[in-house]
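Visitor: Contents of model.pdb (PDB, C-alpha atoms) are given next:
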ATOM      1  CA  MET A  25       0.000   0.000   0.000
ATOM      2  CA  MET A  26       2.834   2.383   0.875
ATOM      3  CA  LEU A  27       4.625   1.684  -2.430
ATOM      4  CA  HIS A  28       1.392   2.164  -4.384
ATOM      5  CA  HIS A  29       0.801   5.470  -2.623
ATOM      6  CA  LEU A  30       4.311   6.729  -3.433
ATOM      7  CA  LEU A  31       4.064   5.673  -7.081
ATOM      8  CA  GLY A  32       0.811   7.594  -7.389
ATOM      9  CA  ARG A  33       2.379  10.685  -5.862
ATOM     10  CA  MET A  34       5.426  10.454  -8.139
ATOM     11  CA  LEU A  35       3.231  10.191 -11.235
ATOM     12  CA  THR A  36       1.281  13.255 -10.122
ATOM     13  CA  ALA A  37       4.549  15.061  -9.415
ATOM     14  CA  PHE A  38       5.837  14.302 -12.929
ATOM     15  CA  VAL A  39       2.691  15.722 -14.524
ATOM     16  CA  THR A  40       2.898  18.772 -12.250
ATOM     17  CA  LEU A  41       6.506  19.420 -13.218
ATOM     18  CA  ILE A  42       5.614  19.275 -16.914
ATOM     19  CA  GLY A  43       2.862  21.811 -16.242
ATOM     20  CA  VAL A  44       5.340  24.075 -14.449
ATOM     21  CA  ALA A  45       7.702  23.852 -17.436
ATOM     22  CA  ILE A  46       4.945  24.803 -19.889
ATOM     23  CA  VAL A  47       3.684  27.702 -17.779
ATOM     24  CA  ILE A  48       7.087  29.267 -17.081
ATOM     25  CA  PHE A  49       8.184  28.860 -20.715
ATOM     26  CA  CYS A  50       5.063  30.580 -22.054
ATOM     27  CA  LEU A  51       5.031  33.338 -19.438
ATOM     28  CA  LEU A  52       8.628  34.315 -20.135
ATOM     29  CA  ARG A  53       7.826  34.689 -23.829
ATOM     30  CA  ILE A  54       4.679  36.731 -23.193
ATOM     31  CA  VAL A  55       6.019  39.321 -20.741
ATOM     32  CA  PRO A  56       7.523  42.480 -22.289
ATOM     33  CA  GLY A  57      11.254  42.715 -22.889
ATOM     34  CA  ASP A  58      13.796  41.214 -25.260
ATOM     35  CA  PRO A  59      16.757  39.332 -23.756
ATOM     36  CA  VAL A  60      18.830  40.097 -26.852
ATOM     37  CA  ALA A  61      18.385  43.827 -26.271
ATOM     38  CA  MET A  62      19.893  43.387 -22.780
ATOM     39  CA  MET A  63      23.149  41.934 -24.123
ATOM     40  CA  ILE A  64      23.677  43.543 -27.535
ATOM     41  CA  SER A  65      25.776  46.683 -27.932
ATOM     42  CA  PRO A  66      24.153  49.920 -29.201
ATOM     43  CA  SER A  67      26.304  49.815 -32.336
ATOM     44  CA  ALA A  68      25.128  46.324 -33.335
ATOM     45  CA  THR A  69      23.750  45.922 -36.823
ATOM     46  CA  PRO A  70      20.455  44.175 -37.647
ATOM     47  CA  ALA A  71      22.524  41.238 -38.909
ATOM     48  CA  ASP A  72      24.282  40.976 -35.536
ATOM     49  CA  ILE A  73      20.942  41.007 -33.711
ATOM     50  CA  ALA A  74      19.509  38.364 -36.054
ATOM     51  CA  ALA A  75      22.576  36.143 -35.579
ATOM     52  CA  LEU A  76      22.327  36.416 -31.815
ATOM     53  CA  ARG A  77      18.618  35.595 -31.841
ATOM     54  CA  ALA A  78      19.305  32.583 -34.037
ATOM     55  CA  ARG A  79      22.078  31.452 -31.672
ATOM     56  CA  TYR A  80      19.620  31.194 -28.773
ATOM     57  CA  GLY A  81      16.740  29.914 -30.930
ATOM     58  CA  LEU A  82      14.646  33.049 -30.382
ATOM     59  CA  ASP A  83      13.935  33.395 -34.110
ATOM     60  CA  LEU A  84      11.787  30.240 -34.122
ATOM     61  CA  GLY A  85       8.094  29.909 -33.347
ATOM     62  CA  LEU A  86       6.951  29.483 -29.756
ATOM     63  CA  PHE A  87       6.011  25.821 -30.183
ATOM     64  CA  GLN A  88       9.314  25.010 -31.916
ATOM     65  CA  GLN A  89      11.264  26.751 -29.154
ATOM     66  CA  PHE A  90       9.419  24.762 -26.491
ATOM     67  CA  VAL A  91       9.945  21.406 -28.220
ATOM     68  CA  ILE A  92      13.684  22.030 -28.637
ATOM     69  CA  TRP A  93      14.054  23.274 -25.066
ATOM     70  CA  PHE A  94      11.983  20.454 -23.531
ATOM     71  CA  LYS A  95      13.952  17.770 -25.393
ATOM     72  CA  ALA A  96      17.179  19.290 -24.132
ATOM     73  CA  VAL A  97      15.874  19.509 -20.547
ATOM     74  CA  THR A  98      14.866  15.835 -20.525
ATOM     75  CA  ALA A  99      18.468  15.064 -21.536
ATOM     76  CA  GLY A 100      19.806  17.188 -18.674
ATOM     77  CA  ASP A 101      20.768  20.178 -20.824
ATOM     78  CA  PHE A 102      19.227  23.436 -19.554
ATOM     79  CA  GLY A 103      21.104  25.544 -22.075
ATOM     80  CA  ALA A 104      23.585  28.375 -21.570
ATOM     81  CA  SER A 105      22.987  31.521 -19.552
ATOM     82  CA  ILE A 106      22.538  34.577 -21.765
ATOM     83  CA  SER A 107      23.979  37.043 -19.253
ATOM     84  CA  LEU A 108      26.732  34.910 -17.670
ATOM     85  CA  ARG A 109      27.740  32.902 -20.774
ATOM     86  CA  ARG A 110      27.957  29.694 -18.762
ATOM     87  CA  ASP A 111      26.102  26.400 -18.606
ATOM     88  CA  VAL A 112      22.902  26.726 -16.558
ATOM     89  CA  VAL A 113      23.370  23.349 -14.851
ATOM     90  CA  GLU A 114      26.839  24.383 -13.647
ATOM     91  CA  LEU A 115      25.549  27.703 -12.316
ATOM     92  CA  ILE A 116      22.693  26.038 -10.451
ATOM     93  CA  GLY A 117      25.043  23.369  -9.088
ATOM     94  CA  GLU A 118      27.282  26.081  -7.632
ATOM     95  CA  ARG A 119      24.491  28.095  -5.992
ATOM     96  CA  LEU A 120      21.904  25.482  -4.964
ATOM     97  CA  PRO A 121      23.959  23.988  -2.057
ATOM     98  CA  ALA A 122      24.208  27.412  -0.391
ATOM     99  CA  THR A 123      20.425  27.823  -0.558
ATOM    100  CA  LEU A 124      19.811  24.285   0.721
ATOM    101  CA  GLU A 125      22.176  24.786   3.674
ATOM    102  CA  LEU A 126      20.453  28.043   4.559
ATOM    103  CA  ALA A 127      16.953  26.581   4.228
ATOM    104  CA  PHE A 128      17.735  23.426   6.230
ATOM    105  CA  ALA A 129      19.393  25.453   8.978
ATOM    106  CA  ALA A 130      16.313  27.671   9.173
ATOM    107  CA  LEU A 131      14.084  24.576   9.207
ATOM    108  CA  VAL A 132      16.014  23.027  12.111
ATOM    109  CA  PHE A 133      15.900  26.293  14.040
ATOM    110  CA  GLY A 134      12.188  26.810  13.353
ATOM    111  CA  VAL A 135      11.198  23.267  14.368
ATOM    112  CA  LEU A 136      13.318  23.226  17.525
ATOM    113  CA  ALA A 137      12.271  26.722  18.630
ATOM    114  CA  GLY A 138       8.612  26.166  17.752
ATOM    115  CA  GLY A 139       8.527  22.754  19.404
ATOM    116  CA  THR A 140      10.110  24.117  22.571
ATOM    117  CA  ILE A 141       7.618  26.993  22.742
ATOM    118  CA  ALA A 142       4.714  24.589  22.181
ATOM    119  CA  VAL A 143       5.823  22.310  25.028
ATOM    120  CA  ILE A 144       6.412  25.253  27.382
ATOM    121  CA  THR A 145       3.050  26.893  26.665
ATOM    122  CA  THR A 146       1.301  23.537  27.087
ATOM    123  CA  LEU A 147       2.893  23.145  30.512
ATOM    124  CA  LEU A 148       1.986  26.774  31.364
ATOM    125  CA  ARG A 149      -1.652  26.289  30.390
ATOM    126  CA  ARG A 150      -4.014  28.700  32.202
ATOM    127  CA  THR A 151      -1.171  30.716  33.758
ATOM    128  CA  PRO A 152      -0.236  34.390  33.205
ATOM    129  CA  LEU A 153       2.954  33.355  31.395
ATOM    130  CA  GLU A 154       0.891  31.578  28.743
ATOM    131  CA  ALA A 155      -0.527  34.923  27.630
ATOM    132  CA  VAL A 156       2.994  36.355  27.334
ATOM    133  CA  PHE A 157       4.143  33.478  25.134
ATOM    134  CA  GLU A 158       0.983  33.711  23.035
ATOM    135  CA  PHE A 159       1.554  37.436  22.463
ATOM    136  CA  LEU A 160       5.160  36.884  21.386
ATOM    137  CA  ASN A 161       4.155  33.985  19.169
ATOM    138  CA  GLY A 162       1.489  36.104  17.511
ATOM    139  CA  LEU A 163       4.078  38.830  16.900
ATOM    140  CA  PHE A 164       6.494  36.398  15.269
ATOM    141  CA  LEU A 165       3.648  35.009  13.170
ATOM    142  CA  ALA A 166       2.446  38.416  11.972
ATOM    143  CA  VAL A 167       5.808  39.814  10.870
ATOM    144  CA  PRO A 168       7.026  38.479   7.486
ATOM    145  CA  ASP A 169      10.537  37.173   6.972
ATOM    146  CA  PHE A 170      11.865  40.139   4.990
ATOM    147  CA  VAL A 171      10.816  42.538   7.760
ATOM    148  CA  TRP A 172      12.682  40.393  10.276
ATOM    149  CA  ALA A 173      15.672  40.504   7.926
ATOM    150  CA  LEU A 174      15.670  44.307   7.780
ATOM    151  CA  ALA A 175      15.197  44.568  11.553
ATOM    152  CA  LEU A 176      18.090  42.176  12.181
ATOM    153  CA  VAL A 177      20.317  44.157   9.828
ATOM    154  CA  LEU A 178      19.542  47.372  11.708
ATOM    155  CA  VAL A 179      20.001  45.851  15.173
ATOM    156  CA  LEU A 180      22.750  43.219  14.826
ATOM    157  CA  GLY A 181      24.520  44.656  11.803
ATOM    158  CA  VAL A 182      24.357  48.428  12.259
ATOM    159  CA  ALA A 183      23.377  49.448  15.799
ATOM    160  CA  PHE A 184      25.302  46.602  17.436
ATOM    161  CA  PRO A 185      27.618  45.224  14.726
ATOM    162  CA  VAL A 186      28.211  41.771  16.159
ATOM    163  CA  LEU A 187      27.434  39.741  13.035
ATOM    164  CA  PRO A 188      28.559  40.034   9.389
ATOM    165  CA  LEU A 189      26.039  41.797   7.176
ATOM    166  CA  SER A 190      26.542  40.005   3.883
ATOM    167  CA  GLY A 191      28.064  37.065   2.098
ATOM    168  CA  ARG A 192      28.503  33.429   2.960
ATOM    169  CA  LEU A 193      32.093  33.457   4.182
ATOM    170  CA  ASP A 194      34.849  35.948   4.863
ATOM    171  CA  PRO A 195      36.782  36.011   1.544
ATOM    172  CA  ALA A 196      40.053  36.817   3.320
ATOM    173  CA  SER A 197      40.039  33.521   5.205
ATOM    174  CA  ALA A 198      38.101  31.302   2.807
ATOM    175  CA  PRO A 199      39.871  27.944   2.306
ATOM    176  CA  ALA A 200      39.698  25.838  -0.835
ATOM    177  CA  PHE A 201      36.570  23.674  -0.716
ATOM    178  CA  VAL A 202      36.141  20.386  -2.544
ATOM    179  CA  THR A 203      32.327  20.502  -2.547
ATOM    180  CA  PRO A 204      29.859  23.411  -2.661
ATOM    181  CA  PHE A 205      28.411  22.317   0.699
ATOM    182  CA  TYR A 206      30.729  24.528   2.728
ATOM    183  CA  LEU A 207      29.038  24.098   6.099
ATOM    184  CA  LEU A 208      28.998  20.312   5.968
ATOM    185  CA  GLU A 209      32.496  20.044   4.522
ATOM    186  CA  SER A 210      34.050  22.329   7.136
ATOM    187  CA  LEU A 211      32.394  20.258   9.861
ATOM    188  CA  VAL A 212      33.671  16.982   8.371
ATOM    189  CA  ARG A 213      37.147  18.458   8.118
ATOM    190  CA  LEU A 214      36.941  19.616  11.752
ATOM    191  CA  ASP A 215      37.796  23.107  10.530
ATOM    192  CA  PHE A 216      35.928  24.841  13.334
ATOM    193  CA  ALA A 217      37.262  28.317  12.479
ATOM    194  CA  THR A 218      35.710  28.171   9.014
ATOM    195  CA  PHE A 219      32.598  26.511  10.406
ATOM    196  CA  SER A 220      32.164  29.334  12.949
ATOM    197  CA  ASP A 221      32.594  31.943  10.218
ATOM    198  CA  LEU A 222      29.961  30.228   8.063
ATOM    199  CA  VAL A 223      27.551  30.027  11.000
ATOM    200  CA  ALA A 224      28.117  33.699  11.845
ATOM    201  CA  HIS A 225      27.166  34.676   8.272
ATOM    202  CA  MET A 226      24.071  32.446   8.453
ATOM    203  CA  VAL A 227      22.696  33.587  11.807
ATOM    204  CA  MET A 228      20.687  36.581  10.590
ATOM    205  CA  PRO A 229      19.287  34.912   7.429
ATOM    206  CA  VAL A 230      18.381  31.813   9.456
ATOM    207  CA  LEU A 231      16.612  33.895  12.101
ATOM    208  CA  ALA A 232      14.717  35.862   9.455
ATOM    209  CA  LEU A 233      13.510  32.666   7.771
ATOM    210  CA  GLY A 234      13.054  30.597  10.920
ATOM    211  CA  LEU A 235      11.150  32.920  13.250
ATOM    212  CA  PRO A 236       7.858  32.868  11.256
ATOM    213  CA  LEU A 237       8.180  29.082  10.886
ATOM    214  CA  ALA A 238       8.788  28.690  14.624
ATOM    215  CA  ALA A 239       5.607  30.645  15.341
ATOM    216  CA  ILE A 240       3.544  28.420  13.025
ATOM    217  CA  VAL A 241       5.032  25.214  14.457
ATOM    218  CA  ALA A 242       4.420  26.425  18.017
ATOM    219  CA  ARG A 243       0.763  27.246  17.359
ATOM    220  CA  ILE A 244      -0.134  24.029  15.516
ATOM    221  CA  LEU A 245       1.823  21.745  17.830
ATOM    222  CA  LYS A 246       0.331  23.352  20.932
ATOM    223  CA  GLU A 247      -3.208  22.772  19.645
ATOM    224  CA  SER A 248      -2.358  19.145  18.873
ATOM    225  CA  LEU A 249      -0.759  18.687  22.300
ATOM    226  CA  LEU A 250      -3.772  20.127  24.102
ATOM    227  CA  GLU A 251      -6.035  17.796  22.152
ATOM    228  CA  ALA A 252      -3.809  14.821  22.970
ATOM    229  CA  MET A 253      -3.669  15.779  26.654
ATOM    230  CA  GLY A 254      -7.422  15.216  26.872
ATOM    231  CA  GLN A 255      -7.255  11.627  25.606
ATOM    232  CA  ASP A 256      -7.929   8.680  27.901
ATOM    233  CA  TYR A 257      -4.416   7.235  27.758
ATOM    234  CA  VAL A 258      -2.951  10.558  28.952
ATOM    235  CA  LEU A 259      -5.506  10.806  31.768
ATOM    236  CA  LEU A 260      -4.614   7.259  32.805
ATOM    237  CA  ALA A 261      -0.904   8.128  32.834
ATOM    238  CA  ARG A 262      -1.669  11.201  34.954
ATOM    239  CA  LEU A 263      -3.557   9.054  37.462
ATOM    240  CA  LYS A 264      -0.499   6.822  37.715
ATOM    241  CA  GLY A 265       1.485   9.823  38.959
ATOM    242  CA  MET A 266       3.440  10.733  35.828
ATOM    243  CA  SER A 267       4.854  14.289  35.912
ATOM    244  CA  PRO A 268       3.402  16.928  33.558
ATOM    245  CA  LEU A 269       6.637  17.140  31.559
ATOM    246  CA  ARG A 270       6.735  13.369  31.025
ATOM    247  CA  LEU A 271       3.059  13.419  30.073
ATOM    248  CA  VAL A 272       3.741  15.947  27.338
ATOM    249  CA  LEU A 273       7.006  14.510  26.009
ATOM    250  CA  GLN A 274       6.408  10.797  26.460
ATOM    251  CA  GLU A 275       2.669  10.379  25.957
ATOM    252  CA  ALA A 276       1.169  13.340  24.077
ATOM    253  CA  LEU A 277       3.982  14.479  21.772
ATOM    254  CA  ARG A 278       4.293  11.340  19.652
ATOM    255  CA  ASN A 279       0.590  11.460  18.777
ATOM    256  CA  ALA A 280       0.502  15.232  18.260
ATOM    257  CA  VAL A 281       3.442  15.483  15.876
ATOM    258  CA  GLY A 282       1.556  14.230  12.773
ATOM    259  CA  PRO A 283      -0.365  17.422  11.832
ATOM    260  CA  THR A 284       2.677  19.528  12.700
ATOM    261  CA  LEU A 285       4.892  17.440  10.426
ATOM    262  CA  THR A 286       2.564  17.877   7.455
ATOM    263  CA  LEU A 287       2.316  21.620   7.992
ATOM    264  CA  THR A 288       6.092  21.933   8.445
ATOM    265  CA  GLY A 289       6.685  20.258   5.098
ATOM    266  CA  VAL A 290       4.348  22.709   3.377
ATOM    267  CA  GLN A 291       5.931  25.682   5.148
ATOM    268  CA  PHE A 292       9.406  24.442   4.245
ATOM    269  CA  THR A 293       8.562  24.744   0.552
ATOM    270  CA  PHE A 294       7.421  28.325   1.163
ATOM    271  CA  MET A 295      10.651  28.931   3.089
ATOM    272  CA  ILE A 296      12.778  27.843   0.134
ATOM    273  CA  GLY A 297      10.861  30.283  -2.034
ATOM    274  CA  GLY A 298      11.376  32.935   0.632
ATOM    275  CA  THR A 299      15.143  32.576   0.382
ATOM    276  CA  VAL A 300      14.988  34.666  -2.813
ATOM    277  CA  ILE A 301      14.379  37.977  -1.040
ATOM    278  CA  ILE A 302      16.353  37.020   2.089
ATOM    279  CA  GLU A 303      19.426  36.121   0.052
ATOM    280  CA  ARG A 304      19.133  39.443  -1.741
ATOM    281  CA  ILE A 305      18.977  41.423   1.495
ATOM    282  CA  PHE A 306      22.049  39.714   2.937
ATOM    283  CA  ALA A 307      23.886  39.366  -0.420
ATOM    284  CA  TYR A 308      23.971  35.630   0.244
ATOM    285  CA  PRO A 309      25.381  33.793  -2.821
ATOM    286  CA  GLY A 310      22.544  31.323  -3.221
ATOM    287  CA  LEU A 311      20.142  30.312  -5.952
ATOM    288  CA  GLY A 312      17.526  32.892  -4.934
ATOM    289  CA  ASN A 313      19.962  35.777  -5.288
ATOM    290  CA  MET A 314      20.968  34.546  -8.722
ATOM    291  CA  ALA A 315      17.286  34.237  -9.686
ATOM    292  CA  ILE A 316      16.754  37.970  -9.129
ATOM    293  CA  ASP A 317      19.766  38.813 -11.311
ATOM    294  CA  ALA A 318      18.449  36.460 -13.995
ATOM    295  CA  VAL A 319      15.054  38.207 -13.992
ATOM    296  CA  ILE A 320      16.667  41.656 -14.184
ATOM    297  CA  ASN A 321      18.803  40.550 -17.148
ATOM    298  CA  ARG A 322      15.928  38.693 -18.857
ATOM    299  CA  ASP A 323      18.126  35.567 -18.869
ATOM    300  CA  LEU A 324      15.502  33.123 -20.136
ATOM    301  CA  PRO A 325      17.510  29.856 -19.927
ATOM    302  CA  LEU A 326      18.680  30.633 -16.401
ATOM    303  CA  ILE A 327      15.213  31.670 -15.193
ATOM    304  CA  GLN A 328      13.664  28.519 -16.654
ATOM    305  CA  GLY A 329      16.298  26.311 -15.054
ATOM    306  CA  ILE A 330      15.955  27.938 -11.623
ATOM    307  CA  VAL A 331      12.157  27.754 -11.660
ATOM    308  CA  LEU A 332      12.234  24.090 -12.655
ATOM    309  CA  ILE A 333      14.712  23.302  -9.880
ATOM    310  CA  PHE A 334      12.562  25.147  -7.342
ATOM    311  CA  GLY A 335       9.498  23.285  -8.624
ATOM    312  CA  ALA A 336      11.264  19.931  -8.359
ATOM    313  CA  LEU A 337      12.360  20.769  -4.801
ATOM    314  CA  PHE A 338       8.813  21.690  -3.790
ATOM    315  CA  ILE A 339       7.476  18.440  -5.228
ATOM    316  CA  LEU A 340      10.176  16.263  -3.633
ATOM    317  CA  ILE A 341       9.673  17.881  -0.226
ATOM    318  CA  ASN A 342       5.919  17.353  -0.416
ATOM    319  CA  ILE A 343       6.391  13.694  -1.403
ATOM    320  CA  ALA A 344       8.876  13.135   1.434
ATOM    321  CA  THR A 345       6.571  14.826   3.930
ATOM    322  CA  ASP A 346       3.600  12.794   2.746
ATOM    323  CA  ALA A 347       5.587   9.546   2.936
ATOM    324  CA  LEU A 348       6.744  10.337   6.463
ATOM    325  CA  ALA A 349       3.206  11.200   7.518
ATOM    326  CA  VAL A 350       1.963   7.874   6.121
ATOM    327  CA  LEU A 351       4.701   6.017   8.008
ATOM    328  CA  LEU A 352       3.580   7.680  11.239
ATOM    329  CA  ASP A 353      -0.100   7.098  10.476
ATOM    330  CA  PRO A 354      -0.751   4.415   7.777
ATOM    331  CA  ARG A 355      -4.437   5.334   7.726
ATOM    332  CA  GLN A 356      -3.556   8.431   5.655
ATOM    333  CA  ALA A 357      -2.582   6.210   2.702
ATOM    334  CA  HIS A 358      -6.272   5.408   2.249
ATOM    335  CA  GLY A 359      -7.251   9.082   2.195
TER     336      GLY A 359
END
Produce structure tokens that represent the structure in this file.

Guide:
Amino acid sequence: MMLHHLLGRMLTAFVTLIGVAIVIFCLLRIVPGDPVAMMISPSATPADIAALRARYGLDLGLFQQFVIWFKAVTAGDFGASISLRRDVVELIGERLPATLELAFAALVFGVLAGGTIAVITTLLRRTPLEAVFEFLNGLFLAVPDFVWALALVLVLGVAFPVLPLSGRLDPASAPAFVTPFYLLESLVRLDFATFSDLVAHMVMPVLALGLPLAAIVARILKESLLEAMGQDYVLLARLKGMSPLRLVLQEALRNAVGPTLTLTGVQFTFMIGGTVIIERIFAYPGLGNMAIDAVINRDLPLIQGIVLIFGALFILINIATDALAVLLDPRQAHG
């Protein structure tokens, strides 16, 4: 049943990804602006412009362009970037690890912080401190990530400059890396100086992305915990003399984590999309930052490649979240 469920989800994901490819390809051809005009010199002749359009296949019909591009994509060829003159797959391979490290770090922070707040507020039920935590949680939930980013820049980067404002690593002390996963590689190498520098550059972006997620996790998990605390098995454990903390962590949490897990997976996809503006604010060299440059330069091959990669990530995360939810509760496979 589990395998059948996953196969069905993968088939749906494949159809969805094809739809994403069609939509982004058509939209980029409909919106105003000519990518050739962004890269050609003012003294170029009509023959030069025609040759450049032919080089990138922009002189063909829309359907012909899509067929050629889609065949190349299925073979793993996303084309060459118009603005950077490099292979799109190579560019994405260089920038995607930075975005994934940032997003996963924010996910870990958001889940741990939100889970801790949910447990604390459940234990403080019907006390004055519960109202304080609820107010703070509502504040974190109401403020979007880019506002947190700007506030963190003003406080921790300008007023009290304790953290670096931009970049991924101090270029003066950057060692030679073998892989683009700098954080993981520095940890494996036991290069704690580089690891600390990477973490210092990630603190503000991670907080900006993770605080709204922590607020959502805290609210949903608390509701699930309160519902679980009213179940018969929890009441029986309370009658046996189990402490409130053990009741929450040992009895209620394992049955309350299902809805929170599903919501976290959905929010994680939004978080990856949110890295676009956060990376721009902190000049973080990730895929989102490069996506903005590609849009400004009307770099059609690069935009198409980035959007497809983002779409594939969203789909894979949703499939993984759904599979994990089914493992925790097999009844969902019949839904």

Visitor: Name all residues at most 10 Å from Arg119 in chain A (count all atoms listed in the file; drop same-chain ones fewer than 5 positions away) and give them as a PyMOL selection string.

Guide: chain A and resi 114+124+204-205+308-314

Visitor: Those same residues, written as a PDB file, in the coordinates of the input with C-alpha atoms?

Guide:
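Written output follows (out12.pdb):
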ATOM      1  CA  GLU A 114      26.839  24.383 -13.647  1.00  0.00           C
ATOM      2  CA  LEU A 124      19.811  24.285   0.721  1.00  0.00           C
ATOM      3  CA  PRO A 204      29.859  23.411  -2.661  1.00  0.00           C
ATOM      4  CA  PHE A 205      28.411  22.317   0.699  1.00  0.00           C
ATOM      5  CA  TYR A 308      23.971  35.630   0.244  1.00  0.00           C
ATOM      6  CA  PRO A 309      25.381  33.793  -2.821  1.00  0.00           C
ATOM      7  CA  GLY A 310      22.544  31.323  -3.221  1.00  0.00           C
ATOM      8  CA  LEU A 311      20.142  30.312  -5.952  1.00  0.00           C
ATOM      9  CA  GLY A 312      17.526  32.892  -4.934  1.00  0.00           C
ATOM     10  CA  ASN A 313      19.962  35.777  -5.288  1.00  0.00           C
ATOM     11  CA  MET A 314      20.968  34.546  -8.722  1.00  0.00           C
TER      12      MET A 314
END

Visitor: What lies within 9 Å of Val113 in chain A using only C-alpha atoms, ignoring chain neighbours under 3 positions off, as a ChimeraX atom specification?

Guide: /A:100-104,110,116-118,326,329

Visitor: How many Å lie between CA of Lys246 in chain A and CA of Phe292 in chain A, rounded to one decimal?

Guide: 19.0 Å

Visitor: To one decimal place in Å, what is the distance between CA of Asp256 in chain A and CA of Leu277 in chain A?

Guide: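 Interatomic distance, CA of Asp256 in chain A to CA of Leu277 in chain A: 14.6 Å.
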
Visitor: To test your reading of the syntax: which residues would the PyMOL selection byres ((chain A and resi 93) around 12) return for the file shown? Reply as JSON, numbers by chain.

Guide: {"A": [45, 46, 49, 50, 80, 81, 82, 84, 86, 87, 88, 89, 90, 91, 92, 94, 95, 96, 97, 98, 99, 100, 101, 102, 103, 104, 324, 325, 328, 329]}

Visitor: One decimal, in Å: what's the spacing between CA of Ala68 in chain A and CA of Pro56 in chain A?

Guide: 21.1 Å

Visitor: What residues come out when you apply the PyMOL selection byres ((chain A and resi 271) around 10) to this file, written as a list in words?

Guide: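 Going through the file, the PyMOL selection byres ((chain A and resi 271) around 10) ends up selecting Leu147, Ala252, Met253, Tyr257, Val258, Leu259, Ala261, Arg262, Gly265, Met266, Ser267, Pro268, Leu269, Arg270, Val272, Leu273, Gln274, Glu275, Ala276 and Leu277 of chain A.
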
Visitor: Could you work out an axis-aligned box for range 104-121 of chain A, taking every atom the file lists and adding 5 Å on each side, and report centre and edge lengths in Å to one decimal, as JSON?

Guide:
{"center_x": 24.9, "center_y": 30.2, "center_z": -11.9, "size_x": 16.1, "size_y": 23.7, "size_z": 29.7}

Visitor: Give as an mmCIF file with C-alpha atoms, in the frame of the given file the residues that the PyMOL selection byres ((chain A and resi 343) around 12) matches when applied to the coordinates above.

Guide:
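Output (out-v4.cif):
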data_model
loop_
_atom_site.group_PDB
_atom_site.id
_atom_site.type_symbol
_atom_site.label_atom_id
_atom_site.label_comp_id
_atom_site.auth_asym_id
_atom_site.auth_seq_id
_atom_site.Cartn_x
_atom_site.Cartn_y
_atom_site.Cartn_z
ATOM 1 C CA HIS A 29 0.801 5.470 -2.623
ATOM 2 C CA LEU A 30 4.311 6.729 -3.433
ATOM 3 C CA LEU A 31 4.064 5.673 -7.081
ATOM 4 C CA GLY A 32 0.811 7.594 -7.389
ATOM 5 C CA ARG A 33 2.379 10.685 -5.862
ATOM 6 C CA MET A 34 5.426 10.454 -8.139
ATOM 7 C CA LEU A 35 3.231 10.191 -11.235
ATOM 8 C CA THR A 36 1.281 13.255 -10.122
ATOM 9 C CA ALA A 37 4.549 15.061 -9.415
ATOM 10 C CA PHE A 38 5.837 14.302 -12.929
ATOM 11 C CA THR A 286 2.564 17.877 7.455
ATOM 12 C CA GLY A 289 6.685 20.258 5.098
ATOM 13 C CA VAL A 290 4.348 22.709 3.377
ATOM 14 C CA THR A 293 8.562 24.744 0.552
ATOM 15 C CA ALA A 336 11.264 19.931 -8.359
ATOM 16 C CA LEU A 337 12.360 20.769 -4.801
ATOM 17 C CA PHE A 338 8.813 21.690 -3.790
ATOM 18 C CA ILE A 339 7.476 18.440 -5.228
ATOM 19 C CA LEU A 340 10.176 16.263 -3.633
ATOM 20 C CA ILE A 341 9.673 17.881 -0.226
ATOM 21 C CA ASN A 342 5.919 17.353 -0.416
ATOM 22 C CA ALA A 344 8.876 13.135 1.434
ATOM 23 C CA THR A 345 6.571 14.826 3.930
ATOM 24 C CA ASP A 346 3.600 12.794 2.746
ATOM 25 C CA ALA A 347 5.587 9.546 2.936
ATOM 26 C CA LEU A 348 6.744 10.337 6.463
ATOM 27 C CA ALA A 349 3.206 11.200 7.518
ATOM 28 C CA VAL A 350 1.963 7.874 6.121
#

Visitor: Can you tell me which residues surround Thr299 in chain A at a distance of at most 8 Å, considering only C-alpha atoms, apart from same-chain residues fewer than 3 positions away, and format the answer as a PDB file with C-alpha atoms, keeping the file's coordinate frame?

Guide:
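New file result_13.pdb:
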ATOM      1  CA  THR A 123      20.425  27.823  -0.558  1.00  0.00           C
ATOM      2  CA  ALA A 127      16.953  26.581   4.228  1.00  0.00           C
ATOM      3  CA  LEU A 233      13.510  32.666   7.771  1.00  0.00           C
ATOM      4  CA  MET A 295      10.651  28.931   3.089  1.00  0.00           C
ATOM      5  CA  ILE A 296      12.778  27.843   0.134  1.00  0.00           C
ATOM      6  CA  ILE A 302      16.353  37.020   2.089  1.00  0.00           C
ATOM      7  CA  GLU A 303      19.426  36.121   0.052  1.00  0.00           C
ATOM      8  CA  GLY A 312      17.526  32.892  -4.934  1.00  0.00           C
TER       9      GLY A 312
END

Visitor: Would you give me, as JSON lines, each residue of range 204-280 of chain A having an atom within 8 Å of an atom of range 187-198 of chain A, along with its shortest atom pair and that distance in Å to one decimal, using only C-alpha atoms and sorting by chain and residue number?

Guide:
{"residue": "A:Thr218", "atom": "CA", "partner": "A:Ala198", "partner_atom": "CA", "distance": 7.4}
{"residue": "A:Asp221", "atom": "CA", "partner": "A:Leu193", "partner_atom": "CA", "distance": 6.2}
{"residue": "A:Leu222", "atom": "CA", "partner": "A:Leu193", "partner_atom": "CA", "distance": 5.5}
{"residue": "A:Ala224", "atom": "CA", "partner": "A:Leu187", "partner_atom": "CA", "distance": 6.2}
{"residue": "A:His225", "atom": "CA", "partner": "A:Arg192", "partner_atom": "CA", "distance": 5.6}
{"residue": "A:Met226", "atom": "CA", "partner": "A:Arg192", "partner_atom": "CA", "distance": 7.1}
{"residue": "A:Val227", "atom": "CA", "partner": "A:Leu187", "partner_atom": "CA", "distance": 7.9}
{"residue": "A:Met228", "atom": "CA", "partner": "A:Leu187", "partner_atom": "CA", "distance": 7.8}
